[in-house]
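S.K.: Got a structure for you, written out below as structure tokens; questions coming shortly.
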Amino acid sequence: METLLTSLPGLDLLASAVILLDGEDRIAYVNPAAEHLFESSAKALTQHKFDELFLNGSELECVFRQAAAHQFADKRLDLTLERSGREALHVHVIVTPIDLPDMPILIELRENVQQLKQDREERLLDQSQANKELIRNLAHEIKNPLGGIRGAAQLLELELPERHVKELREYTQVIIKEAGRLQTLVDRLLEPHRSPHIVGDVNIHEVLERVRSLIVAEFPSGLRIKRDYDLSVPDFRGDKEQLIQAVLNIAHNAALALSERILAGDAQLIFQTRIARQVTLAKVRYRLALDLHIIDNGPGIPPEIQERIFYPLVSGREGGSGLGLTLTQTFVQQHLGVIECESRPGQTDFRILIPLP
């Protein structure tokens with residue numbers, strides 16, 4: 001270690017993670033940034049070979065051999081390092097051979113946050129487009145036979161013999177009512193594709209105040225709505241009614257999830273607006289964007305559905321239709337924006353980004 005400190009001073013001060021390997025690819029040194037990245041101490045890490053830390057670590061063996069043989073000055077790789085029972089690491093890796101006999105390989109790792117975010121946004125956009133196409137086709141396929149079923153049940157009811165009409169009418173009414181319920185569901189599935197996009201000047205704070213008044217009217221006590229507005233956010237062109245519905249879907253879901261805290265009197269919703277700068281949305285770079293957060297202090301979204309909450313018919317609440325967030329995502333995307341969610345017990349944060357002029 002004394003040789004290291006003399007030859008490569010300042011490694012402990014670097015913000016990027018640095019690891020030094022010995023001649024057998026064992027970890028000989030890690031700096032504090034590497035301890036933070038791997039969420040482990042230097043003492044625990046230096047007991048392992050580097051590739052033993054990951055399920056796919058063997059991908060680096062060839063690179064280490066080439067480095068030990070000084071076949072390159074440095075090699076740069078974008079990798080997803082998979083860890084057992086933990087979240088994968090998306091990192092930019094630089095492997096450099098160095099002239100230290102006991103530690104011939106230096107590895108620098110930087111979290112590839114921007115790439116990870118872009119990949120996730122592209123994946124969500126592709127999933128959303130596929131979902132919309134599926135919903136549209138499925139709804140049309142259901143709608144036609146559904147009308148036939150309902151009409152046939154109504155005709156059948158008219159033909160029932162008088163002496164049995166009371167007993168049998170109960171069954172025809174079940175068919176008619178259930179067909180009507182399914183028709184309502186289909187109409188909701190098709191709603192964002194049929195409704196005209198009415199564009200005008202939108203003030204996001206007017207949208208939030210409208211939603212706030214609706215939530216307060218339904219939940220008059222036990223729920224505090226905190227407003228944290230950046231009044232410099234400019235107006236933008238959009239469909240005000242769609243945005244009201246999008247925000248209302250999120251806020252109403254949050255209020256329902258806060259039922260226990262409402263009874264306890266400490267439920268809280270936060271509406272927060274900011275301006276984000278130099279934002280990439282769906283592969284397009286925007287100088288400014290609305291950064292809207294809707295945050296609650298509820299129990300959080302169940303982990304098993306967190307990646308699927310924007311899918312149609314996925315709901316974390318008994319009796320929920322699972323369409324509210326799907327419609328919200330559609331409305332946000334029609335404004336060239338994206339919506340994402342981070343949730344843990346005690347805090348769920350829905351973030352909406354929409355380009356600004």
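Quick note on naming: the chains in the structure tokens go A, B, ... in the order shown, residues restart at 1 in each chain, and ligands are numbered from 1 in order of appearance.
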Out of range 176-238 of chain A, which residues get strand (DSSP E) from DSSP, as a list in words?
M.R.: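 Matching residues for strand (DSSP E) in range 176-238 of chain A are Gly200, Asp201, Val202, Leu223, Arg224, Ile225, Lys226, Arg227, Asp228, Phe236, Arg237 and Gly238 of chain A.
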S.K.: Which residues are close to Thr46 in chain A, i.e. within 12 Å by only C-alpha atoms, leaving aside same-chain residues fewer than 3 positions away? Reply as an MDAnalysis selection string.
M.R.: chainID A and resid 19:22 25:31 34:35 40:43 49:50 52:53
S.K.: Keeping only C-alpha atoms, write the selected residues to a file as a PDB file, in the first residue's frame.
M.R.:
ATOM      1  CA  ILE A  19     -10.132  -0.489  -7.925  1.00  0.00           C
ATOM      2  CA  LEU A  20      -6.640  -1.994  -8.235  1.00  0.00           C
ATOM      3  CA  LEU A  21      -6.192  -5.690  -9.020  1.00  0.00           C
ATOM      4  CA  ASP A  22      -3.209  -7.873  -8.245  1.00  0.00           C
ATOM      5  CA  ASP A  25      -7.275 -10.423 -10.550  1.00  0.00           C
ATOM      6  CA  ARG A  26      -7.917 -10.166  -6.813  1.00  0.00           C
ATOM      7  CA  ILE A  27      -8.958  -6.776  -5.462  1.00  0.00           C
ATOM      8  CA  ALA A  28      -5.926  -5.221  -3.765  1.00  0.00           C
ATOM      9  CA  TYR A  29      -7.304  -1.711  -3.181  1.00  0.00           C
ATOM     10  CA  VAL A  30     -10.575   0.201  -3.412  1.00  0.00           C
ATOM     11  CA  ASN A  31     -11.075   3.909  -2.838  1.00  0.00           C
ATOM     12  CA  ALA A  34     -15.799   2.302  -4.833  1.00  0.00           C
ATOM     13  CA  GLU A  35     -16.915   1.315  -1.327  1.00  0.00           C
ATOM     14  CA  SER A  40     -19.432  -2.666   0.944  1.00  0.00           C
ATOM     15  CA  SER A  41     -16.261  -2.022   2.919  1.00  0.00           C
ATOM     16  CA  ALA A  42     -12.729  -2.194   1.528  1.00  0.00           C
ATOM     17  CA  LYS A  43     -12.002  -5.044   3.934  1.00  0.00           C
ATOM     18  CA  LYS A  49     -11.643 -11.605  -7.207  1.00  0.00           C
ATOM     19  CA  PHE A  50     -13.278  -8.762  -9.087  1.00  0.00           C
ATOM     20  CA  GLU A  52     -16.695 -12.927  -8.309  1.00  0.00           C
ATOM     21  CA  LEU A  53     -18.746  -9.872  -7.335  1.00  0.00           C
TER      22      LEU A  53
END
S.K.: Measure the distance from CA of Gln333 in chain A to CA of Asn297 in chain A in Å and round it to one decimal.
M.R.: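 So the two atoms, CA of Gln333 in chain A and CA of Asn297 in chain A, lie 26.3 Å apart.
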S.K.: Give me the residues within 12 Å of Gly151 in chain A as a list in words, counting only C-alpha atoms and dropping any in the same chain fewer than 6 places off.
M.R.: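 The filter keeps Asn144, Pro145, Glu157, Leu158, Thr172, Gln173, Ile175, Ile176, Lys177, Ala179 and Gly180 of chain A.
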S.K.: Convert the current residue selection to file output with N, CA and C atoms, as a tab-separated table (two decimals), in the first residue's frame.
M.R.:
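What ended up in selection.tsv:
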chain	number	residue	atom	x	y	z
A	144	ASN	N	-67.99	-4.86	-30.81
A	144	ASN	CA	-69.00	-5.34	-31.77
A	144	ASN	C	-69.82	-6.50	-31.21
A	145	PRO	N	-69.19	-7.61	-30.77
A	145	PRO	CA	-70.01	-8.70	-30.22
A	145	PRO	C	-70.75	-8.30	-28.95
A	157	GLU	N	-85.73	-10.87	-23.55
A	157	GLU	CA	-86.57	-10.44	-22.43
A	157	GLU	C	-87.99	-10.13	-22.90
A	158	LEU	N	-88.12	-9.56	-24.11
A	158	LEU	CA	-89.45	-9.24	-24.64
A	158	LEU	C	-90.24	-10.50	-25.00
A	172	THR	N	-81.90	-12.21	-17.64
A	172	THR	CA	-81.64	-11.33	-18.79
A	172	THR	C	-81.10	-9.98	-18.32
A	173	GLN	N	-81.55	-9.52	-17.15
A	173	GLN	CA	-81.05	-8.25	-16.62
A	173	GLN	C	-79.57	-8.35	-16.24
A	175	ILE	N	-77.38	-10.20	-17.81
A	175	ILE	CA	-76.66	-10.11	-19.09
A	175	ILE	C	-76.59	-8.66	-19.57
A	176	ILE	N	-77.74	-7.96	-19.51
A	176	ILE	CA	-77.80	-6.57	-19.99
A	176	ILE	C	-76.90	-5.66	-19.16
A	177	LYS	N	-76.96	-5.80	-17.83
A	177	LYS	CA	-76.16	-4.94	-16.95
A	177	LYS	C	-74.67	-5.21	-17.08
A	179	ALA	N	-73.18	-6.50	-19.72
A	179	ALA	CA	-72.78	-6.00	-21.04
A	179	ALA	C	-72.60	-4.49	-20.99
A	180	GLY	N	-73.48	-3.80	-20.24
A	180	GLY	CA	-73.34	-2.35	-20.09
A	180	GLY	C	-72.08	-1.98	-19.35
S.K.: Find, counting only C-alpha atoms, the residue in A:Val91, A:Ile275, A:Leu208, A:Ile98 that gets nearest to Ser232 in chain A.
M.R.: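 Under the stated criterion, the closest residue is A:Ile275.
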S.K.: Would you list the contacts of Ala251 in chain A as number ranges by chain, taking every protein, DNA or RNA residue within 10 Å and counting only C-alpha atoms, but skipping same-chain residues closer than 6 positions in sequence?
M.R.: A: 208, 211-212, 214-215, 245, 257, 269-271, 294-296, 350
